[in-house]
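*Asks:* One structure coming up, written as structure tokens, with questions to follow.
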Amino acid sequence: MSKTAAPRLERLSFLKRANLTRHHMAQRLFKLMEDKKTNLSVALDVTGQNQLLQMADLLGPHIAVLKTHVDILQDFTPDFGTQLQAIAKKHHFLIFEDRKFADIGQTVSLQYRGGIYRIADWADIINAHPIAGPGIIEGLKGSNLLLLAEMSSAGTLAKGAYTRSVVAMAEAHPETVMGFISLRKLSDQPGIIHFTPGVQLASGKDSLGQRYRTVDEILIKNHSDIIIVGRGITHAANPGEQARIYREAAWQAYVQTVA
Ligand code: S5P
């Protein structure tokens, strides 16, 4: 079976979509992707803060979005956010803290704005599992939110009716929600941005349920917008060169499908 389906030339360009959304961060991201010609997000799942900052500086020229898991840093210091923001400014990328909030509105509001990490102070984008209902979106008002509508992992419960309810919830909150974590395009609203993790150059899986799909499957066949790549880049012998390869593959795939 051929891995690459024939492209459907029906995608609006990121530039056109920037003018079709009133969400300021979605607009900013669409323009950034078009200017920088990249729809790559890298997942820097490393446990050392300096290692993360160095990698951010190395990979920064290739990416639109840098995804963090701040709670895996073993040597986190309160200046992490300002240091990362300086690198983001230098290389023009956005910071996405993959906190996956999942509680009632009151609790997630405290988790987002306070605690040790003070995510609201430095993250441009965050995400949430809307399992608790729309109160979680209310609690995260003022943020730029992605809802997890599907997951890349084997046996995920985020599918079918659940996924459809997440899409409806997102479309009802366009002032806060700017997109999805999903495996495919789920909404026809042009302002909504689809981010897909579980991507490598060849399909496959890891030993803990992660499933990998290819760049072309996600961007050409499934019409997602942004690929999120972690170990495919960070565990390569030369992460900078590997990021360049993913960046080119992802941008090519996007360009091929634009009407
Ligand atoms: O469904 C998901 C959602 C996310 S955000 N599957 C995922 O793998 N992720 C995240 O993407 C995960 O937390 C990790 O940071 C990244 C994938 O990393 P990789 O090393 O498997 O590419």
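Naming works like this for the structure tokens: A, B, ... for the chains as they're shown, residue 1 at the start of each chain, ligands 1 onward in shown order.
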Let me see if you get this right: every residue at most 8 Å from ligand 1, counting only C-alpha atoms and all ligand atoms, written as a PyMOL selection string.

*Replies:* chain A and resi 43-45+67-69+98+100+148+150-153+181-182+196-200+206+210-212+228-234

*Asks:* If you run DSSP on the backbone here, which positions in segment 28-244 of chain A get alpha helix (DSSP H)? Please write them as a PyMOL selection string.

*Replies:* chain A and resi 28-36+49-59+80-91+105-113+135-139+160-171+215-216+231-234+239-244

*Asks:* Enter the distance from atom CA of Thr82 of chain A to atom CA of Arg118 of chain A, in Å, rounded to one decimal.

*Replies:*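 Straight-line distance from atom CA of Thr82 of chain A to atom CA of Arg118 of chain A works out to 11.3 Å.
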
*Asks:* Run DSSP on the backbone of this structure and report the residues of segment 27-99 of chain A it assigns to strand (DSSP E), as a ChimeraX atom specification.

*Replies:* /A:40-43,65-68,94-99

*Asks:* Considering only C-alpha atoms, can you say which of A:Thr163, A:Thr214, A:Ser224, A:Gln242 comes closest to Ile193 of chain A?

*Replies:*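 When distances to Ile193 of chain A are compared using only C-alpha atoms, the smallest one comes from A:Ser224.
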